[in-house]
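Notes follow once the structure below has been shown.
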Amino acid sequence: MRYLPLTPQDRTDMLAKIGVAAVDDLFANVPKSKLLKGPVNLPKARGELEVERILGAMAAENISASEVPFFVGAGAYKHHVPASVDHLIQRSEFLTSYTPYQPEIAQGTLQYLFEFQTQVAMLTGMEVANASMYDGSTGAAEAVLMAHRVTKRRKAILAGNLHPHYRDTIETLSRMASDELVSLTPNPEDAGADLKAVAAAIDGETSCIVIQTPDVFGNLHDLTAIAKKAQDAGALLIAVVTEVVSLGAVTPPGAMGADIVVAEGQSIGVGLNFGGPYVGLFATKQKYVRQMPGRLCGETVDAEGKRGFVLTLSTREQHIRREKATSNICTNSGLMCLAFTIHMALLGETGLRRLAAVNHANACDLADRLADLDEVEVLNKSFFNEFAIRVPGDAAKVVEKMAKKGVLAGVPGSRLWPKTKGVADVILVANTEVNTDDDRAAFVAALGASI
Amino acid sequence: MSMNTQGRPTSAGASGAASAHPTFTGNKALQIEEALIFEIGRPEVTGVDIPAPKKVKSRLGKLARDEAIGLPGLTEPEVMRHYVRLSQKNYGIDTGLFPLGSCTMKHNARLNEKMARLPGFGDVHPLQPASTVQGALQLIDTLAHYLKELTGMPAVAMSPKAGAHGELCGMMAIKAALEAKGEGHRKIVLVPESAHGTNPATAALIGFEVRSVPANADGTVHVSDVKAALGPEVAAIMLTNPNTCGIFEKEIVEIAKAIHDAGAYFYCDGANFNAIVGKARPGDLGVDAMHINLHKTFSTPHGGGGPGSGPVVLSERLAAFVPYPFVRVGKGYALVEEGGKLEKGEQPFGRMSAFHGQMGMFVRAMAYMLSHGADGMRLASEDAVLNANYIRASLADLMSLPFGNQPCMHEALFDDDWLKNTGVSTLDFAKAMIDEGYHPMTMYFPLVVHGAMLIEPTESESKASLDLFIAALRDLAMAAKRGDVDRFKGAPYHAPRRRLDETRAARTPILRWTKPAPYAEAAE
């Protein structure tokens, strides 16, 4: 076995040193009848080549995003990641290290976490950010719990145009914790009406309102007025961003008064990975930092006065506070933070703005081309790189037909809202820097032939 | 037994001479001081060449971002150098023995990284039509089969994103099962004092009340103590097995029976599963739910603190409550999501996160399992246990074992009794290990042992590597006993940083870089 260094002779010598006759003597606490006599009923060990064959065959059954004109988004986006990013995150000292609990030999991890926190704060327009959450959706659920702690109220209001997976994640946790939740109905036609409905639902019990921008249909929202309305009522505004590249072009939630910003960071540095691992961004105002969940990295000095970094404010965390902790989270998304940080360092403000501009322009171009199809309607008044279209008939069938023609067209409404009226003929269409003119032409042609 | 609730000391408290030969740059040969990207990058620079956008009519409305963001850019050579230098300030498994108890820092095979990057796994979108991701769904189903076979459990929830998230999923399944039976009044969750902090935090998060169960002088939980704590209000127990003291709970079958007789559920924290893979199956022991840390037991890397992955295996009593989404095998592989048609007995309690879980970790774990096979996984657990006992037996004459010199599982637990009156603490000892080229063991955990030192070598170490580690620890132990306090109090002397002032970091938190004020303003 190529991964196990002990030889049979080593094992014999070590058992002698320990003073037992056989390795099973070390398992003496396991009830005799429960100790397995031999290997479980699974195949035996294999060499690298055989493993590559098995997994390679499974991988070949899937259509990958780079193979075809690809327009699927709705919370995860196909972007180009520079080669240096994936090389650097595979450096042994990053890949095989642990949570930096011994800071003297973990300054590499700690410094990039400090850089990450700063980048996230700048990007979201907030004062502070943590060292990441599992992903955007779990970050959103944690944000709601944090708002409950800050306001000492336990009722959240979710905008209808919040990603339904985010809604369901929050709903599950709220129900289990016996917290109150108001969840509004999605409104692909009139995004402004969704915000008005949120505003109307705010009352004296409300701890927070949760609004996504760009929303799940791609509409952009000015949150300034509703932030004030929430705060006047003693509630917090939680802004959700699932396409973080948008922040290179669009006013960030921090500048519009958000109290907590939660984002999915996958678009920068992290591949699609069939849904995970991703990286959750979590930012807030300085005054709430002690109510924040997740790990935090802070600056300090060592015994010689040199600048260094440590994990800090850990008295919020489970390993110290146990049942009184701000969250049960232990793991963050370390390596994906690193990928995000490196990609963002490569982009810089100039590159990020350019990337965002290309995404927006490509999406605008596709929207313009769709004007040629009389039966297809773009529903958005505003968008960044994703918009909703209405097609005649069942959108899921249209998407399947387009897939057969070699175009992965987007996400049909019924996939995300199986029980909601008025969305079964909607497709969410994303367009990023990876899409070419040819891709967009193929999209329009395939759509035209599928309706 | 008294709890050590003080945690680890946090002040710098280090002394001793610095380098006798200071350099102009502050660099020490391969150890190069590295500024923050904000200090070396420039906003007008970028390391990514992107063609100019098409000219279009903007659809951003009035929401274009006009203010400067402040993000610095670096070219590719600058980025490479910056992050390579940072990496050289880190200790990883590939650097050396990483005996961090409870964390299972085993070898991370590069084959697993290669497989996860196959475009068919790494470059597929979670919301593509199911017809275009049959292989990805097959992989999830195959991994699920392996996990069920290894644990002897009939069901598994794949979506939790880490161990604590798996705990949450398991406890939610228990809550859902109780409510389905009309027993939602059961609010108490029993947690032993030796448990990971995530256990009580998880239970509290969804409204359970935590009640402590004492640990005994032999380091295990006794069935009599569990029985005394059980009652009609008890929903579940959260027990780690093998426990955090590195001992297999020998009354576990009786404990499981007592819990079930009282109408409660048995949650097992699977953090230490690496000791018993292929040797004993939690399902055979009476466990109802257990999360599996794929990043520990099945070696998907720790990556500096994540990402993890925490699938939860479930017993017959909880199998109905797997959350959305899950894979169903029929004519091909289908993904059952909200609104999908449910079969008899399926009662998903909701959703743990967006999409379907940590696919990247699934691929790596699958590559690990296919490589090891049933025989290799069993041997890996035996070697992990053998290595830990070898360390225990080789240090028992110098360092003190809180529960006597009895066999341990995959980790050996020492306390600080042997350091009494030496002036050296567990923290000092750990920092001196750094100078010897080792990552310290887990310290001050579990809380039930004073000054705990929890050593988990894993199966990845050769005998020669263990012998050198043992020799280094013996040398340190003898130095502590003969009063060579300087070697410990000032340690580490040779790391990229001396001891860091954690108190200062917490008192006045600096959590981000900010642009220094111009000289004139700063002087005011």
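Each chain of the structure tokens is named A, B, ... in the order shown, its residues numbered from 1; ligands are numbered from 1 in display order.
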Residues near Val310 (chain A), anyone? I mean within 9 Å using only C-alpha atoms, not counting same-chain ones fewer than 2 positions away, as a PyMOL selection string. (chain A and resi 100-104+106-107+110-111+296-300+308+312) or (chain B and resi 500-502+505)
Give me the residues within 8 Å of Val128 (chain A) as a ChimeraX atom specification, counting only C-alpha atoms and dropping any in the same chain fewer than 2 places off. /A:117-118,121,126,130,283-286,289 /B:511-512
Determine which residues of region 243-401 of chain B receive a DSSP assignment of strand (DSSP E), computed from the backbone, and state them as a VMD selection string. chain B and resid 265 to 269 289 to 291 312 to 314 326 to 330 332 to 336
Show me, as a PyMOL selection string, the residues that have an atom within 7 Å of region 114-120 of chain B when counting only C-alpha atoms, minus same-chain residues fewer than 3 positions from it. (chain A and resi 59-60+62-64) or (chain B and resi 110-111+123-124+360+363-364)
Using only C-alpha atoms: which of A:Gly334, A:Pro164, A:Gly271, A:Pro412 has the shortest distance to Thr96 (chain A):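 Under the stated criterion, the closest residue is A:Gly334.
The space between CA of Leu335 (chain A) and CA of Thr109 (chain A) spans 9.1 Å.
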Neighbours of region 38-55 of chain B within 7 Å (only C-alpha atoms; same-chain residues fewer than 3 positions away dropped), as a list of chain:residue names?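 Listing them by chain and then by number gives A:Leu346, A:Leu347, A:Gly348, A:Glu349, A:Thr350, A:Gly351, A:Arg354, A:Leu355, A:Ala357, A:Val358, A:Ala361, B:Ala35, B:Gly70, B:Leu71, B:Pro72, B:Gly73, B:Leu74, B:Thr75, B:Glu76.
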Could the residues in this selection be saved with N, CA and C atoms as a PDB file, in the first residue's frame?
```
ATOM      1  N   LEU A 346      -4.338  39.492  -8.200  1.00  0.00           N
ATOM      2  CA  LEU A 346      -3.952  39.588  -9.609  1.00  0.00           C
ATOM      3  C   LEU A 346      -4.817  40.623 -10.337  1.00  0.00           C
ATOM      4  N   LEU A 347      -6.115  40.573 -10.084  1.00  0.00           N
ATOM      5  CA  LEU A 347      -7.015  41.509 -10.762  1.00  0.00           C
ATOM      6  C   LEU A 347      -6.733  42.940 -10.338  1.00  0.00           C
ATOM      7  N   GLY A 348      -6.712  43.152  -9.027  1.00  0.00           N
ATOM      8  CA  GLY A 348      -6.642  44.506  -8.510  1.00  0.00           C
ATOM      9  C   GLY A 348      -7.884  45.282  -8.933  1.00  0.00           C
ATOM     10  N   GLU A 349      -7.942  46.521  -8.520  1.00  0.00           N
ATOM     11  CA  GLU A 349      -9.114  47.332  -8.861  1.00  0.00           C
ATOM     12  C   GLU A 349      -9.276  47.468 -10.380  1.00  0.00           C
ATOM     13  N   THR A 350      -8.161  47.674 -11.062  1.00  0.00           N
ATOM     14  CA  THR A 350      -8.213  47.861 -12.516  1.00  0.00           C
ATOM     15  C   THR A 350      -8.767  46.622 -13.210  1.00  0.00           C
ATOM     16  N   GLY A 351      -8.224  45.461 -12.846  1.00  0.00           N
ATOM     17  CA  GLY A 351      -8.642  44.221 -13.484  1.00  0.00           C
ATOM     18  C   GLY A 351     -10.070  43.850 -13.131  1.00  0.00           C
ATOM     19  N   ARG A 354     -12.451  45.982 -15.087  1.00  0.00           N
ATOM     20  CA  ARG A 354     -12.453  45.555 -16.483  1.00  0.00           C
ATOM     21  C   ARG A 354     -13.244  44.253 -16.630  1.00  0.00           C
ATOM     22  N   LEU A 355     -12.995  43.312 -15.726  1.00  0.00           N
ATOM     23  CA  LEU A 355     -13.697  42.030 -15.761  1.00  0.00           C
ATOM     24  C   LEU A 355     -15.209  42.249 -15.636  1.00  0.00           C
ATOM     25  N   ALA A 357     -16.855  44.955 -16.337  1.00  0.00           N
ATOM     26  CA  ALA A 357     -17.365  45.646 -17.526  1.00  0.00           C
ATOM     27  C   ALA A 357     -17.593  44.669 -18.672  1.00  0.00           C
ATOM     28  N   VAL A 358     -16.668  43.711 -18.837  1.00  0.00           N
ATOM     29  CA  VAL A 358     -16.812  42.717 -19.898  1.00  0.00           C
ATOM     30  C   VAL A 358     -18.029  41.826 -19.632  1.00  0.00           C
ATOM     31  N   ALA A 361     -21.101  43.891 -20.403  1.00  0.00           N
ATOM     32  CA  ALA A 361     -21.267  44.138 -21.846  1.00  0.00           C
ATOM     33  C   ALA A 361     -21.712  42.871 -22.567  1.00  0.00           C
TER      34      ALA A 361
ATOM     35  N   ALA B  35       5.790  41.997   2.939  1.00  0.00           N
ATOM     36  CA  ALA B  35       4.779  43.007   3.251  1.00  0.00           C
ATOM     37  C   ALA B  35       3.406  42.528   2.791  1.00  0.00           C
ATOM     38  N   GLY B  70     -10.162  50.700  -3.926  1.00  0.00           N
ATOM     39  CA  GLY B  70      -8.928  50.661  -3.132  1.00  0.00           C
ATOM     40  C   GLY B  70      -8.151  49.365  -3.251  1.00  0.00           C
ATOM     41  N   LEU B  71      -8.635  48.435  -4.079  1.00  0.00           N
ATOM     42  CA  LEU B  71      -7.956  47.138  -4.196  1.00  0.00           C
ATOM     43  C   LEU B  71      -6.646  47.268  -4.962  1.00  0.00           C
ATOM     44  N   PRO B  72      -5.533  46.799  -4.385  1.00  0.00           N
ATOM     45  CA  PRO B  72      -4.265  46.849  -5.096  1.00  0.00           C
ATOM     46  C   PRO B  72      -4.171  45.725  -6.111  1.00  0.00           C
ATOM     47  N   GLY B  73      -3.435  45.941  -7.194  1.00  0.00           N
ATOM     48  CA  GLY B  73      -3.184  44.890  -8.174  1.00  0.00           C
ATOM     49  C   GLY B  73      -1.704  44.558  -8.224  1.00  0.00           C
ATOM     50  N   LEU B  74      -1.384  43.307  -8.540  1.00  0.00           N
ATOM     51  CA  LEU B  74      -0.002  42.873  -8.672  1.00  0.00           C
ATOM     52  C   LEU B  74       0.129  42.100  -9.980  1.00  0.00           C
ATOM     53  N   THR B  75       1.265  42.213 -10.613  1.00  0.00           N
ATOM     54  CA  THR B  75       1.506  41.400 -11.809  1.00  0.00           C
ATOM     55  C   THR B  75       1.771  39.956 -11.386  1.00  0.00           C
ATOM     56  N   GLU B  76       1.780  39.053 -12.382  1.00  0.00           N
ATOM     57  CA  GLU B  76       1.948  37.645 -12.012  1.00  0.00           C
ATOM     58  C   GLU B  76       3.269  37.337 -11.298  1.00  0.00           C
TER      59      GLU B  76
END
```
I'd like the contact shell of Arg328 (chain B) - 10 Å cut-off, only C-alpha atoms, skipping same-chain residues fewer than 5 positions apart - returned as a ChimeraX atom specification. /B:137-138,141,333-336
Mind dumping the selected residues with N, CA and C atoms as a CSV table (one decimal), in the first residue's frame?
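Just written: selection_20.csv:
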```csv
chain,number,residue,atom,x,y,z
B,137,LEU,N,-23.4,12.5,-10.4
B,137,LEU,CA,-24.3,12.0,-9.5
B,137,LEU,C,-24.0,10.5,-9.1
B,138,GLN,N,-23.4,9.8,-10.1
B,138,GLN,CA,-22.9,8.4,-9.8
B,138,GLN,C,-21.8,8.5,-8.8
B,141,ASP,N,-23.3,8.9,-5.4
B,141,ASP,CA,-24.0,7.7,-5.0
B,141,ASP,C,-23.0,6.6,-4.6
B,333,TYR,N,-29.4,8.3,-12.8
B,333,TYR,CA,-29.3,9.0,-11.5
B,333,TYR,C,-30.1,10.2,-11.5
B,334,ALA,N,-31.0,10.4,-10.5
B,334,ALA,CA,-31.8,11.6,-10.4
B,334,ALA,C,-31.4,12.3,-9.1
B,335,LEU,N,-31.6,13.6,-9.1
B,335,LEU,CA,-31.3,14.4,-7.9
B,335,LEU,C,-32.7,14.9,-7.4
B,336,VAL,N,-33.0,14.4,-6.2
B,336,VAL,CA,-34.3,14.8,-5.6
B,336,VAL,C,-34.2,16.1,-4.9
```
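Each of B:Leu386, B:Ala320, B:Met290, B:Ile470 was checked against chain A using only C-alpha atoms; the smallest atom-to-atom distance is that of B:Leu386.
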